[in-house]
$ cat model-v1.txt   # compact mmCIF, C-alpha atoms
# COMPACT_ATOMS: atom_id res chain seq x y z
CA MET D 1 22.63 -11.27 -14.43
CA GLY D 2 22.68 -12.63 -10.88
CA GLU D 3 19.77 -14.25 -9.12
CA VAL D 4 17.75 -12.59 -6.38
CA ALA D 5 18.79 -13.63 -2.92
CA GLY D 6 16.11 -14.66 -0.45
CA ARG D 7 12.79 -16.39 -0.97
CA VAL D 8 9.18 -15.47 -1.41
CA GLY D 9 7.29 -14.97 1.84
CA GLU D 10 10.43 -14.83 3.95
CA SER D 11 9.24 -11.71 5.77
CA GLU D 12 6.63 -12.75 8.33
CA ARG D 13 5.01 -9.48 9.52
CA ASP D 14 5.40 -10.65 13.11
CA TYR D 15 4.29 -7.71 15.25
CA ASP D 16 4.79 -9.50 18.57
CA LYS D 17 8.35 -10.75 18.30
CA GLU D 18 11.00 -8.94 20.26
CA SER D 19 13.06 -6.64 18.06
CA GLU D 20 14.57 -3.19 17.97
CA ARG D 21 11.65 -2.08 15.80
CA ARG D 22 8.76 -3.47 17.85
CA ALA D 23 8.04 -0.47 20.10
CA GLY D 24 8.34 2.01 17.24
CA VAL D 25 6.02 -0.02 15.02
CA GLU D 26 3.39 -0.29 17.75
CA ASN D 27 3.55 3.43 18.45
CA PHE D 28 3.19 4.06 14.72
CA TYR D 29 -0.05 2.06 14.60
CA LYS D 30 -1.38 3.72 17.74
CA THR D 31 -1.05 7.13 16.10
CA ASN D 32 -2.43 5.81 12.81
CA HIS D 33 -5.49 4.18 14.36
CA ILE D 34 -6.41 7.18 16.48
CA ASN D 35 -6.17 9.72 13.66
CA GLN D 36 -7.42 7.98 10.50
CA THR D 37 -11.06 8.98 10.11
CA TYR D 38 -13.49 9.11 7.20
CA GLN D 39 -13.33 12.91 7.08
CA PHE D 40 -9.53 12.93 7.25
CA ALA D 41 -9.22 10.54 4.30
CA LYS D 42 -11.69 12.50 2.19
CA LYS D 43 -9.79 15.72 2.91
CA LYS D 44 -6.46 14.18 1.88
CA LYS D 45 -7.94 12.76 -1.32
CA GLU D 46 -9.16 16.21 -2.27
CA GLN D 47 -5.84 17.84 -1.34
CA TYR D 48 -3.61 15.46 -3.28
CA GLY D 49 -6.05 14.70 -6.07
CA LYS D 50 -5.04 17.96 -7.73
CA LEU D 51 -1.70 16.39 -8.75
CA ASN D 52 0.08 19.72 -8.57
CA LYS D 53 3.22 18.68 -6.69
CA ALA D 54 5.69 17.78 -9.43
CA GLU D 55 6.28 16.18 -12.81
CA MET D 56 8.94 13.51 -13.07
CA SER D 57 9.72 10.12 -14.50
CA ILE D 58 8.92 7.08 -12.40
CA TRP D 59 12.60 6.28 -12.00
CA GLU D 60 13.23 9.78 -10.59
CA CYS D 61 10.40 9.07 -8.19
CA CYS D 62 12.01 5.76 -7.22
CA GLU D 63 15.25 7.55 -6.37
CA LEU D 64 13.45 9.90 -3.97
CA LEU D 65 12.48 6.88 -1.88
CA ASN D 66 16.13 6.08 -1.18
CA GLU D 67 15.87 8.41 1.81
CA PHE D 68 13.08 6.56 3.60
CA VAL D 69 12.54 3.42 5.66
CA ASP D 70 8.98 2.30 6.36
CA GLU D 71 8.34 2.71 10.12
CA SER D 72 5.31 0.41 10.02
CA ASN D 73 7.17 -2.72 8.95
CA PRO D 74 8.45 -4.96 11.79
CA ASP D 75 10.71 -7.00 9.49
CA LEU D 76 12.30 -4.71 6.91
CA ASP D 77 14.54 -1.74 7.55
CA GLU D 78 15.84 -1.31 4.01
CA PRO D 79 15.42 1.84 1.91
CA GLN D 80 12.19 1.76 -0.08
CA ILE D 81 13.91 1.76 -3.47
CA GLU D 82 15.56 -1.56 -2.61
CA HIS D 83 12.21 -3.10 -1.74
CA LEU D 84 10.73 -2.04 -5.08
CA LEU D 85 13.59 -3.54 -7.05
CA GLN D 86 13.57 -6.74 -5.03
CA SER D 87 9.86 -7.31 -5.53
CA ALA D 88 9.95 -6.55 -9.25
CA GLU D 89 12.95 -8.76 -9.92
CA ALA D 90 11.53 -11.71 -7.99
CA ILE D 91 8.23 -11.51 -9.89
CA ARG D 92 10.06 -11.17 -13.22
CA ARG D 93 11.97 -14.34 -12.40
CA ASP D 94 8.85 -16.37 -11.56
CA TYR D 95 6.36 -14.76 -13.99
CA PRO D 96 8.51 -13.85 -17.02
CA ASN D 97 5.52 -13.40 -19.35
CA GLU D 98 3.48 -11.10 -17.07
CA ASP D 99 5.28 -7.85 -17.85
CA TRP D 100 2.39 -5.79 -16.40
CA LEU D 101 2.99 -7.50 -13.06
CA HIS D 102 6.73 -6.69 -13.14
CA LEU D 103 5.89 -3.03 -13.63
CA THR D 104 3.19 -3.09 -10.97
CA ALA D 105 5.70 -4.43 -8.46
CA LEU D 106 8.20 -1.75 -9.36
CA ILE D 107 5.76 1.12 -8.87
CA HIS D 108 3.42 -0.16 -6.15
CA ASP D 109 5.01 1.85 -3.32
CA LEU D 110 5.87 5.04 -5.19
CA GLY D 111 3.10 6.87 -3.38
CA LYS D 112 5.44 6.97 -0.40
CA VAL D 113 6.95 10.09 -1.95
CA LEU D 114 4.30 11.79 0.19
CA LEU D 115 6.95 11.56 2.91
CA HIS D 116 9.29 13.78 0.91
CA PRO D 117 9.27 17.54 1.61
CA LYS D 118 8.76 18.15 -2.10
CA PHE D 119 5.38 16.40 -1.84
CA GLY D 120 4.26 17.77 1.52
CA GLY D 121 6.47 16.01 4.04
CA GLU D 122 3.56 14.02 5.48
CA PRO D 123 4.14 12.03 8.71
CA GLN D 124 4.56 8.31 8.26
CA TRP D 125 1.32 7.42 10.07
CA CYS D 126 -0.75 8.76 7.15
CA VAL D 127 1.48 7.44 4.37
CA VAL D 128 2.54 3.87 5.20
CA GLY D 129 1.14 0.95 7.16
CA ASP D 130 -1.88 -1.29 6.72
CA THR D 131 -4.99 0.29 5.25
CA TYR D 132 -8.65 -0.39 6.07
CA PRO D 133 -12.14 0.94 5.27
CA LEU D 134 -13.43 4.07 6.96
CA GLY D 135 -17.11 4.75 7.51
CA CYS D 136 -17.81 1.28 8.88
CA ALA D 137 -16.61 -0.90 11.78
CA PHE D 138 -12.89 -1.60 12.23
CA ASP D 139 -12.37 -5.34 11.81
CA GLU D 140 -10.56 -7.08 14.67
CA SER D 141 -8.04 -8.61 12.25
CA ILE D 142 -6.44 -5.20 11.66
CA VAL D 143 -3.01 -5.10 13.31
CA HIS D 144 -2.98 -3.44 16.76
CA HIS D 145 -6.76 -3.18 16.64
CA LYS D 146 -6.95 -2.15 20.30
CA TYR D 147 -5.88 1.39 19.50
CA PHE D 148 -9.05 2.03 17.51
CA GLY D 149 -10.69 2.45 20.92
CA GLU D 150 -9.37 6.01 20.91
CA ASN D 151 -10.59 6.73 17.36
CA PRO D 152 -13.67 9.00 17.48
CA HIS D 153 -15.48 6.75 14.98
CA SER D 154 -15.23 3.63 17.14
CA LYS D 155 -18.37 4.69 19.01
CA HIS D 156 -20.12 6.49 16.16
CA PRO D 157 -23.75 5.24 15.76
CA ILE D 158 -23.26 4.58 12.02
CA TYR D 159 -19.50 4.31 11.42
CA SER D 160 -19.16 1.66 14.13
CA THR D 161 -21.64 -0.76 12.49
CA LYS D 162 -20.67 -3.61 10.15
CA LEU D 163 -21.77 -1.93 6.91
CA GLY D 164 -21.66 1.65 8.16
CA ILE D 165 -22.42 4.01 5.28
CA TYR D 166 -22.06 1.27 2.64
CA LYS D 167 -24.28 -1.32 1.02
CA GLU D 168 -23.43 -4.99 0.91
CA ASN D 169 -21.31 -5.93 -2.13
CA CYS D 170 -21.11 -2.27 -3.18
CA GLY D 171 -17.59 -2.78 -4.54
CA LEU D 172 -14.32 -1.43 -3.14
CA ASP D 173 -14.35 1.41 -5.67
CA ASN D 174 -17.19 2.85 -3.60
CA VAL D 175 -15.43 2.44 -0.24
CA THR D 176 -13.26 5.11 1.38
CA ILE D 177 -10.00 3.50 2.54
CA SER D 178 -7.65 5.00 5.12
CA TRP D 179 -5.40 7.56 3.45
CA GLY D 180 -1.89 6.56 2.45
CA HIS D 181 0.53 5.88 -0.36
CA ASP D 182 -1.70 3.24 -1.97
CA GLU D 183 -4.55 5.62 -2.67
CA TYR D 184 -2.22 8.41 -3.75
CA MET D 185 -0.36 6.29 -6.30
CA TYR D 186 -3.65 4.89 -7.59
CA THR D 187 -4.89 8.46 -8.08
CA VAL D 188 -1.72 9.47 -9.94
CA MET D 189 -2.06 6.50 -12.28
CA LYS D 190 -5.77 6.91 -12.89
CA GLU D 191 -5.63 10.66 -13.55
CA ASN D 192 -2.67 10.20 -15.90
CA LYS D 193 -4.75 7.66 -17.83
CA THR D 194 -2.51 4.68 -17.21
CA THR D 195 -2.80 1.69 -19.53
CA LEU D 196 -1.97 -0.74 -16.73
CA SER D 197 -4.52 -3.51 -16.35
CA PRO D 198 -7.40 -3.30 -13.85
CA ALA D 199 -5.66 -6.00 -11.81
CA GLY D 200 -2.53 -3.84 -11.67
CA LEU D 201 -4.53 -0.85 -10.45
CA PHE D 202 -6.23 -3.05 -7.86
CA ILE D 203 -2.85 -4.23 -6.57
CA VAL D 204 -1.49 -0.70 -6.27
CA ARG D 205 -4.62 0.55 -4.52
CA PHE D 206 -5.16 -2.30 -2.07
CA HIS D 207 -1.79 -3.99 -1.46
CA SER D 208 -1.70 -2.62 2.11
CA PHE D 209 -5.27 -3.78 2.82
CA TYR D 210 -4.08 -6.87 4.72
CA ALA D 211 -7.33 -7.36 6.61
CA MET D 212 -8.96 -8.05 3.25
CA HIS D 213 -6.38 -9.88 1.15
CA THR D 214 -4.72 -11.89 3.93
CA ASN D 215 -7.38 -12.28 6.64
CA GLY D 216 -10.49 -12.39 4.45
CA ALA D 217 -12.23 -9.49 6.21
CA TYR D 218 -14.67 -7.10 4.51
CA SER D 219 -15.61 -9.59 1.80
CA TYR D 220 -19.19 -8.34 2.18
CA LEU D 221 -18.12 -5.01 0.65
CA MET D 222 -16.55 -6.63 -2.42
CA ASN D 223 -18.21 -7.20 -5.81
CA GLU D 224 -17.35 -9.88 -8.35
CA GLU D 225 -14.65 -7.83 -10.09
CA ASP D 226 -12.94 -7.22 -6.73
CA LYS D 227 -12.92 -10.95 -6.05
CA GLU D 228 -11.35 -11.69 -9.43
CA ASN D 229 -8.63 -9.09 -8.95
CA LEU D 230 -8.00 -10.34 -5.42
CA GLN D 231 -6.40 -13.49 -6.82
CA TRP D 232 -3.66 -11.45 -8.51
CA LEU D 233 -3.24 -9.31 -5.40
CA ARG D 234 -2.64 -12.42 -3.31
CA THR D 235 -0.04 -13.60 -5.80
CA PHE D 236 1.65 -10.22 -5.69
CA ASN D 237 1.58 -10.14 -1.89
CA GLU D 238 3.91 -13.13 -1.68
CA TYR D 239 6.57 -10.97 -3.35
CA ASP D 240 5.75 -7.83 -1.39
CA LEU D 241 6.87 -9.67 1.73
CA ILE D 242 10.29 -10.86 0.57
CA GLN D 243 13.48 -10.05 2.42
CA GLN D 244 16.74 -10.15 0.50
CA GLU D 245 20.41 -9.55 1.04
CA GLN D 246 21.04 -7.70 -2.18
CA VAL D 247 19.40 -6.63 -5.41
CA LEU D 248 20.69 -7.29 -8.90
CA SER D 249 17.91 -5.82 -11.02
CA CYS D 250 19.48 -4.18 -14.03
CA LYS D 251 16.57 -5.13 -16.25
CA ALA D 252 14.07 -3.49 -13.93
CA GLN D 253 16.10 -0.29 -13.97
CA MET D 254 16.27 -0.34 -17.75
CA VAL D 255 12.50 -0.72 -17.97
CA MET D 256 11.90 2.25 -15.69
CA ALA D 257 14.36 4.44 -17.59
CA LYS D 258 11.94 4.23 -20.53
CA VAL D 259 8.88 5.42 -18.59
CA ASN D 260 7.69 8.87 -19.68
CA ASN D 261 7.30 11.81 -17.31
CA ARG D 262 3.96 11.97 -15.55
CA GLY D 263 2.44 14.57 -13.25
CA CYS D 264 2.03 13.72 -9.60
$ encode --input "model-v1.txt" --output "structure tokens"
Amino acid sequence: MGEVAGRVGESERDYDKESERRAGVENFYKTNHINQTYQFAKKKKEQYGKLNKAEMSIWECCELLNEFVDESNPDLDEPQIEHLLQSAEAIRRDYPNEDWLHLTALIHDLGKVLLHPKFGGEPQWCVVGDTYPLGCAFDESIVHHKYFGENPHSKHPIYSTKLGIYKENCGLDNVTISWGHDEYMYTVMKENKTTLSPAGLFIVRFHSFYAMHTNGAYSYLMNEEDKENLQWLRTFNEYDLIQQEQVLSCKAQMVMAKVNNRGC
């Protein structure tokens, strides 16, 4: 089996460099930041928490993502299925004994099936992109923070304060995060009684929460378990950012072929 091309951390998430994708990415975040509210996220969680869209194997779900490119990413313009295979294969190479982490990498973005007409055909602004807490102040480290000025909660007497509706160290399980593929996939896994480790669930649920795991924001909302799981999330993140020329991941595909059907 061939080696994975590219290196960990090669993708830089540079939102200011000149590129063909820059204007589109900025417009994406403008729409996202204006429309993501606490009430919107709660409504979407209720809507999709019913898990009444389809039943399929995880590999069938992977194949649906072949049609989509993430509009929020300034560096990568590859189909989503390639990104999943790249991440999983790179982690398998460097952490051969952490099979739960290989699987986590392979499934972490499957919630992006929300883009597919079969799952509702949601617009990209409420499926992909960085996530962040709702119901409290928007941290300045969030990419394209300036567009929160047009979000109705930016001037709310409670939602605009540091803690908002939350208590210090309440734990991220008790925090409403902006709606997207992370929360949806976490819901699918939890409701289907996944046996994946708590660290794996944490990675799936918060891998797009860059303000927290990369910039150190919102630590005052985290409890001790969150802080322990954060170490694995930071390890995973190095592989979530890789860029590669090609994918040779036969083993990853074989693993997914064995995954049973699950409702989503």
$ atom_distance --input "model-v1.txt" --atom1 "CA of Tyr132 in chain D" --atom2 "CA of Phe68 in chain D"
22.9 Å
$ closest_atom_pairs --input "model-v1.txt" --of "range 88-203 of chain D" --to "range 221-242 of chain D" --cutoff "7 Å" --atoms "all atoms listed in the file" --output "JSON lines"
{"residue": "D:Ala90", "atom": "CA", "partner": "D:Tyr239", "partner_atom": "CA", "distance": 6.8}
{"residue": "D:Ile91", "atom": "CA", "partner": "D:Tyr239", "partner_atom": "CA", "distance": 6.8}
{"residue": "D:Glu168", "atom": "CA", "partner": "D:Leu221", "partner_atom": "CA", "distance": 5.3}
{"residue": "D:Asn169", "atom": "CA", "partner": "D:Leu221", "partner_atom": "CA", "distance": 4.3}
{"residue": "D:Cys170", "atom": "CA", "partner": "D:Leu221", "partner_atom": "CA", "distance": 5.6}
{"residue": "D:Gly171", "atom": "CA", "partner": "D:Met222", "partner_atom": "CA", "distance": 4.5}
{"residue": "D:Leu172", "atom": "CA", "partner": "D:Met222", "partner_atom": "CA", "distance": 5.7}
{"residue": "D:Ala199", "atom": "CA", "partner": "D:Asn229", "partner_atom": "CA", "distance": 5.2}
{"residue": "D:Phe202", "atom": "CA", "partner": "D:Asn229", "partner_atom": "CA", "distance": 6.6}
{"residue": "D:Ile203", "atom": "CA", "partner": "D:Leu233", "partner_atom": "CA", "distance": 5.2}
$ residues_near_point --input "model-v1.txt" --point "(1.5, 12.5, 1.1)" --cutoff "9 Å" --atoms "only C-alpha atoms" --output "MDAnalysis selection string"
chainID D and resid 44 48 111:116 119:124 126:127 179:181 184
$ closest_residue --input "model-v1.txt" --among "D:Leu65, D:Asp70, D:Ser141, D:Ser197" --to "Trp125 in chain D" --atoms "all atoms listed in the file"
D:Asp70
$ atom_distance --input "model-v1.txt" --atom1 "CA of Leu201 in chain D" --atom2 "CA of Pro79 in chain D"
23.6 Å
$ atom_distance --input "model-v1.txt" --atom1 "CA of Leu85 in chain D" --atom2 "CA of Leu64 in chain D"
13.8 Å
$ closest_residue --input "model-v1.txt" --among "D:His144, D:His213, D:Lys50, D:Lys43" --to "Thr187 in chain D" --atoms "only C-alpha atoms"
D:Lys50
$ closest_residue --input "model-v1.txt" --among "D:Lys167, D:His156, D:His83, D:His207" --to "Asp182 in chain D" --atoms "all atoms listed in the file"
D:His207
$ residues_around --input "model-v1.txt" --residues "Glu140 in chain D" --least-positions-apart "3" --cutoff "9 Å" --atoms "only C-alpha atoms" --output "ChimeraX atom specification"
/D:143-146,211,217
$ closest_residue --input "model-v1.txt" --among "D:Ile81, D:Ala137, D:Met189, D:Leu51" --to "Thr37 in chain D" --atoms "all atoms listed in the file"
D:Ala137
$ residues_around --input "model-v1.txt" --residues "Glu98 in chain D" --least-positions-apart "2" --cutoff "12 Å" --atoms "only C-alpha atoms" --output "PyMOL selection string"
chain D and resi 88+91-96+100-105+196-197+199-200+232+236
$ closest_residue --input "model-v1.txt" --among "D:Val204, D:Ile142, D:Val188, D:Leu134" --to "Ile165 in chain D" --atoms "only C-alpha atoms"
D:Leu134
$ axis_aligned_box --input "model-v1.txt" --around "range 183-199 of chain D" --padding-each-side "8 Å" --output "lines of an AutoDock Vina configuration file"
center_x = -3.9
center_y = 2.3
center_z = -11.1
size_x = 23.0
size_y = 32.7
size_z = 32.9
$ closest_residue --input "model-v1.txt" --among "D:Tyr166, D:Tyr147, D:Phe206, D:Tyr159" --to "Ile34 in chain D" --atoms "all atoms listed in the file"
D:Tyr147
